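File shown: structure02.txt. Contents: compact mmCIF, C-alpha atoms.
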```txt
# COMPACT_ATOMS: atom_id res chain seq x y z
CA MET V 33 14.18 -65.42 27.93
CA ASN V 34 11.77 -68.06 26.63
CA LEU V 35 10.54 -68.36 23.06
CA HIS V 36 7.20 -66.68 23.81
CA SER V 37 8.93 -63.63 25.32
CA ARG V 38 11.27 -63.29 22.34
CA TYR V 39 8.37 -63.29 19.90
CA SER V 40 6.57 -60.71 22.03
CA VAL V 41 9.58 -58.37 21.98
CA ILE V 42 9.98 -58.77 18.20
CA LEU V 43 6.26 -58.16 17.64
CA VAL V 44 6.26 -55.02 19.80
CA GLY V 45 9.34 -53.73 17.93
CA LEU V 46 7.67 -54.27 14.56
CA LEU V 47 4.50 -52.50 15.71
CA LEU V 48 6.52 -49.51 16.92
CA ALA V 49 8.38 -49.32 13.58
CA VAL V 50 5.11 -49.42 11.62
CA ALA V 51 3.58 -46.74 13.85
CA ALA V 52 6.61 -44.49 13.39
CA ALA V 53 6.45 -44.92 9.61
CA CYS V 54 2.75 -44.06 9.57
CA ASN V 55 3.41 -40.84 11.46
CA GLN V 56 5.93 -39.57 8.89
CA PRO V 57 4.64 -36.72 6.64
CA ASN V 58 3.62 -37.83 3.18
CA ASN V 59 5.65 -35.62 0.82
CA ASP V 60 4.00 -37.30 -2.17
CA ASP V 61 0.55 -35.99 -1.25
CA PRO V 62 -0.78 -34.34 -4.43
CA GLY V 63 -3.06 -32.12 -2.35
CA LYS V 64 -0.16 -30.21 -0.86
CA ALA V 65 0.59 -26.79 -2.29
CA LYS V 66 3.78 -26.59 -4.33
CA GLY V 67 6.66 -25.21 -2.31
CA ASN V 68 5.10 -25.90 1.10
CA SER V 69 6.66 -29.31 1.46
CA PRO V 70 9.92 -29.50 3.42
CA ALA V 71 11.33 -31.53 0.53
CA SER V 72 10.84 -28.68 -1.96
CA THR V 73 13.92 -26.75 -3.06
CA ALA V 74 14.49 -23.01 -3.01
CA THR V 75 15.00 -22.95 -6.77
CA GLU V 76 11.39 -23.80 -7.59
CA ILE V 77 10.13 -20.62 -9.23
CA GLU V 78 7.69 -20.46 -12.12
CA ALA V 79 8.04 -18.21 -15.17
CA ASP V 80 5.05 -16.07 -14.15
CA GLU V 81 6.62 -15.52 -10.71
CA ILE V 82 9.85 -14.38 -12.39
CA VAL V 83 7.94 -11.91 -14.55
CA GLU V 84 6.07 -10.62 -11.47
CA VAL V 85 9.31 -10.04 -9.55
CA LEU V 86 10.82 -8.25 -12.56
CA THR V 87 7.70 -6.12 -13.00
CA GLN V 88 7.68 -5.08 -9.33
CA GLY V 89 11.39 -4.28 -9.52
CA ALA V 90 10.88 -2.10 -12.61
CA LYS V 91 8.10 -0.15 -10.89
CA LEU V 92 10.34 0.55 -7.90
CA TYR V 93 13.34 1.47 -10.07
CA TRP V 94 11.56 3.75 -12.54
CA GLY V 95 9.28 5.10 -9.81
CA ILE V 96 12.22 7.09 -8.44
CA ASN V 97 11.95 9.42 -11.45
CA ALA V 98 8.36 10.25 -10.48
CA LEU V 99 9.71 11.78 -7.25
CA ARG V 100 11.58 14.60 -9.02
CA THR V 101 10.99 18.16 -7.85
CA ALA V 102 11.48 21.52 -9.60
CA GLU V 103 14.58 22.31 -7.50
CA THR V 104 17.88 22.18 -9.41
CA THR V 105 21.58 22.30 -8.66
CA THR V 106 24.91 21.37 -10.22
CA LEU V 107 27.06 18.64 -8.67
CA ASP V 108 30.47 17.77 -10.12
CA GLY V 109 29.55 19.55 -13.34
CA THR V 110 26.27 17.64 -13.79
CA GLN V 111 22.88 19.36 -13.79
CA MET V 112 20.74 17.70 -11.10
CA VAL V 113 17.15 17.95 -9.92
CA GLY V 114 15.92 17.31 -6.41
CA LEU V 115 14.04 14.26 -5.21
CA ASP V 116 11.00 14.72 -2.95
CA PRO V 117 12.51 15.02 0.56
CA ALA V 118 9.28 13.81 2.16
CA ALA V 119 9.44 10.53 0.20
CA LEU V 120 13.22 10.13 0.11
CA PRO V 121 14.99 12.16 2.81
CA SER V 122 18.32 10.28 2.52
CA LEU V 123 20.31 7.65 0.65
CA GLN V 124 19.43 5.26 3.45
CA ALA V 125 15.72 5.85 2.75
CA LEU V 126 16.34 5.20 -0.96
CA ARG V 127 18.16 1.97 -0.18
CA GLN V 128 15.36 0.96 2.18
CA ARG V 129 12.83 1.52 -0.62
CA PHE V 130 14.57 -1.18 -2.66
CA ALA V 131 15.32 -3.51 0.26
CA GLY V 132 12.26 -5.75 0.06
CA LEU V 133 12.91 -6.90 -3.49
CA PHE V 134 16.64 -6.47 -4.13
CA THR V 135 19.82 -7.74 -2.45
CA GLU V 136 22.36 -5.27 -1.04
CA ARG V 137 24.56 -5.91 -4.07
CA ALA V 138 21.74 -5.01 -6.46
CA ILE V 139 20.76 -1.92 -4.46
CA GLY V 140 24.28 -0.55 -4.82
CA LEU V 141 24.10 -1.11 -8.59
CA LEU V 142 20.69 0.55 -8.87
CA VAL V 143 21.67 3.64 -6.88
CA ALA V 144 24.83 4.03 -8.97
CA ASP V 145 22.90 3.54 -12.22
CA LEU V 146 20.27 6.13 -11.23
CA GLY V 147 23.08 8.57 -10.42
CA VAL V 148 21.48 9.67 -7.15
CA LYS V 149 23.72 11.80 -4.91
CA GLU V 150 23.23 13.29 -1.46
CA SER V 151 24.20 16.94 -0.95
CA GLY V 152 23.06 19.63 1.46
CA GLY V 153 20.83 17.17 3.29
CA LYS V 154 18.89 16.38 0.09
CA LEU V 155 18.92 13.77 -2.65
CA TRP V 156 19.60 14.75 -6.24
CA ILE V 157 19.26 12.87 -9.52
CA PRO V 158 20.62 13.81 -12.97
CA ALA V 159 18.29 16.25 -14.73
CA ALA V 160 18.24 14.25 -17.96
CA ASP V 161 14.87 12.49 -17.80
CA PRO V 162 15.37 8.89 -18.94
CA ASP V 163 12.54 7.25 -20.80
CA ASP V 164 11.83 3.54 -20.56
CA ILE V 165 9.38 1.78 -22.86
CA SER V 166 10.13 -1.75 -21.66
CA LEU V 167 6.99 -3.74 -20.93
CA TYR V 168 8.27 -5.95 -18.12
CA GLU V 169 4.80 -7.34 -17.40
CA ASP V 170 4.76 -8.84 -20.93
CA ALA V 171 8.25 -10.34 -20.72
CA ASP V 172 8.85 -13.95 -21.75
CA VAL V 173 11.26 -16.15 -19.83
CA THR V 174 13.49 -17.74 -22.47
CA GLN V 175 15.95 -19.48 -20.15
CA SER V 176 16.08 -20.38 -16.46
CA VAL V 177 19.15 -22.05 -14.97
CA PRO V 178 18.94 -22.96 -11.25
CA ASN V 179 22.07 -23.38 -9.14
CA GLY V 180 21.36 -23.95 -5.46
CA ASP V 181 19.54 -20.91 -4.10
CA THR V 182 20.29 -18.87 -7.24
CA VAL V 183 18.49 -18.83 -10.59
CA MET V 184 20.01 -17.19 -13.67
CA VAL V 185 17.22 -16.10 -16.00
CA THR V 186 17.08 -14.58 -19.47
CA VAL V 187 13.89 -12.70 -20.32
CA ASP V 188 12.76 -11.19 -23.60
CA VAL V 189 11.22 -7.79 -22.81
CA PRO V 190 8.99 -6.07 -25.43
CA LEU V 191 9.83 -2.42 -26.18
CA GLY V 192 6.48 -0.67 -26.29
CA ASP V 193 4.55 -0.99 -29.56
CA SER V 194 7.72 -1.06 -31.66
CA GLY V 195 7.56 -4.81 -32.26
CA GLN V 196 11.11 -5.04 -30.95
CA SER V 197 12.33 -6.55 -27.71
CA ASP V 198 15.40 -6.63 -25.48
CA LEU V 199 17.08 -9.56 -23.76
CA ARG V 200 17.58 -8.93 -20.03
CA GLY V 201 19.61 -11.02 -17.64
CA VAL V 202 18.14 -11.49 -14.18
CA ARG V 203 19.92 -13.12 -11.27
CA LEU V 204 17.47 -14.17 -8.55
CA VAL V 205 18.59 -15.27 -5.09
CA HIS V 206 16.35 -17.00 -2.56
CA LYS V 207 17.00 -15.28 0.79
CA ALA V 208 14.98 -15.22 4.01
CA GLY V 209 12.12 -17.13 2.40
CA ALA V 210 11.71 -14.80 -0.60
CA TRP V 211 13.16 -14.25 -4.05
CA ARG V 212 15.30 -11.13 -4.48
CA ILE V 213 16.89 -9.61 -7.57
CA ASP V 214 20.70 -9.72 -7.27
CA ASN V 215 21.73 -7.54 -10.23
CA ASN V 216 20.45 -4.60 -12.28
CA PRO V 217 18.23 -6.12 -14.99
CA PHE V 218 17.00 -2.68 -16.08
CA SER V 219 20.22 -1.62 -17.79
CA GLY V 220 19.47 -3.84 -20.79
CA ASP V 221 22.49 -6.10 -20.41
CA VAL V 222 22.49 -9.86 -19.91
CA GLU V 223 24.65 -10.33 -16.84
CA GLU V 224 26.47 -13.39 -15.65
CA GLY V 225 28.51 -14.12 -12.55
CA GLU V 226 28.41 -15.16 -8.95
CA SER V 227 25.55 -14.23 -6.65
CA GLU V 228 25.84 -12.38 -3.37
CA GLY V 229 27.50 -14.59 -0.81
CA ASN V 230 25.05 -14.11 2.07
```
Before anything else, please render the file you have as structure tokens.
Amino acid sequence: MNLHSRYSVILVGLLLAVAAACNQPNNDDPGKAKGNSPASTATEIEADEIVEVLTQGAKLYWGINALRTAETTTLDGTQMVGLDPAALPSLQALRQRFAGLFTERAIGLLVADLGVKESGGKLWIPAADPDDISLYEDADVTQSVPNGDTVMVTVDVPLGDSGQSDLRGVRLVHKAGAWRIDNNPFSGDVEEGESEGN
């Protein structure tokens, strides 16, 4: 191969390398929406997004009490009232109601905390009507600790007009392209621990 041919091969190789580099996506483009870049991580979640997820979760959780009926029974010595069979015909339907926003682990905790039981083809909930004055939409995120696809968050939740507030621990897991709550942040306890494995 003569000198002219060698230079031609080198020049063509350099041109191909430059062309390939120019075709690479520019992840530093400030015009790109946050989170849409392939380089973005799952743990990028803003405080207002955390508050929105918590607020939606609270509405789902406390909304179960709005489905009470006038029917009553006693199960294992506890006075229970029925839940609207048209809205919640089974435990599976109840679990499905929570499925879009909570992990399976959290759903199990919520169902247990609500005390819902299935008997005689109907769902029942304890007759004692719990009252919640927590203003989740006004919560302040005081701490956010990311760890892979999990974020451990502490939020300060105002308690109505009392001037008091409650610290709530929220474990969020990024699954299937969305954030899901992985614990029961409505019990009033700050929880710690490992997230759901899948």
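Near Thr105 of chain V, within 12 Å and counting only C-alpha atoms, sit Thr101, Ala102, Glu103, Leu107, Asp108, Gly109, Thr110, Gln111, Met112, Val113, Gly114, Leu115, Lys149, Glu150, Ser151, Gly152, Lys154, Leu155, Trp156, Ile157, Pro158 and Ala159 of chain V; same-chain residues fewer than 2 positions away were not included.
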Output C-alpha atoms of each residue in that selection to a file, as a compact mmCIF listing (two decimals), keeping the file's coordinate frame.
```txt
# COMPACT_ATOMS: atom_id res chain seq x y z
CA THR V 101 10.99 18.16 -7.85
CA ALA V 102 11.48 21.52 -9.60
CA GLU V 103 14.58 22.31 -7.50
CA LEU V 107 27.06 18.64 -8.67
CA ASP V 108 30.47 17.77 -10.12
CA GLY V 109 29.55 19.55 -13.34
CA THR V 110 26.27 17.64 -13.79
CA GLN V 111 22.88 19.36 -13.79
CA MET V 112 20.74 17.70 -11.10
CA VAL V 113 17.15 17.95 -9.92
CA GLY V 114 15.92 17.31 -6.41
CA LEU V 115 14.04 14.26 -5.21
CA LYS V 149 23.72 11.80 -4.91
CA GLU V 150 23.23 13.29 -1.46
CA SER V 151 24.20 16.94 -0.95
CA GLY V 152 23.06 19.63 1.46
CA LYS V 154 18.89 16.38 0.09
CA LEU V 155 18.92 13.77 -2.65
CA TRP V 156 19.60 14.75 -6.24
CA ILE V 157 19.26 12.87 -9.52
CA PRO V 158 20.62 13.81 -12.97
CA ALA V 159 18.29 16.25 -14.73
```
Exercise for the section: With a distance cut-off of 10 Å and only C-alpha atoms, select the neighbouring residues of Val187 of chain V, excluding the residue or stretch itself and same-chain residues fewer than 4 positions from it, and output the selection as a list in words. Expected result: Ala79, Ile82, Val83, Leu86, Tyr168, Asp170, Ala171, Asp172, Val173, Thr174, Gln175, Ser176, Ser197, Asp198, Leu199, Arg200, Gly201, Val202, Pro217 and Val222 of chain V
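The nearest approach to Asp145 of chain V among the residues V:Ala125, V:Val177, V:Ile96, V:Leu167, with all atoms listed in the file taken into account, belongs to V:Ile96.
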Practice task
For Glu169 of chain V, please output as a list in words all residues within 12 Å (counting only C-alpha atoms; exclusion window: fewer than 4 positions along the same chain).
Solution key: Ala79, Asp80, Glu81, Ile82, Val83, Glu84, Val85, Leu86, Thr87, Gln88, Gly89, Ala90, Lys91, Ile165, Val173, Val187, Asp188, Val189, Pro190, Leu191 and Gly192 of chain V
Fill in the blank from the handout: Using only C-alpha atoms, the shortest atom-to-atom distance to Ala144 of chain V among V:Gly209, V:Ser219, V:Arg100, V:Gly180 belongs to V:Ser219
Fill in the blank from the handout: The distance between atom CA of Ala118 of chain V and atom CA of Ala210 of chain V is 28.8 Å
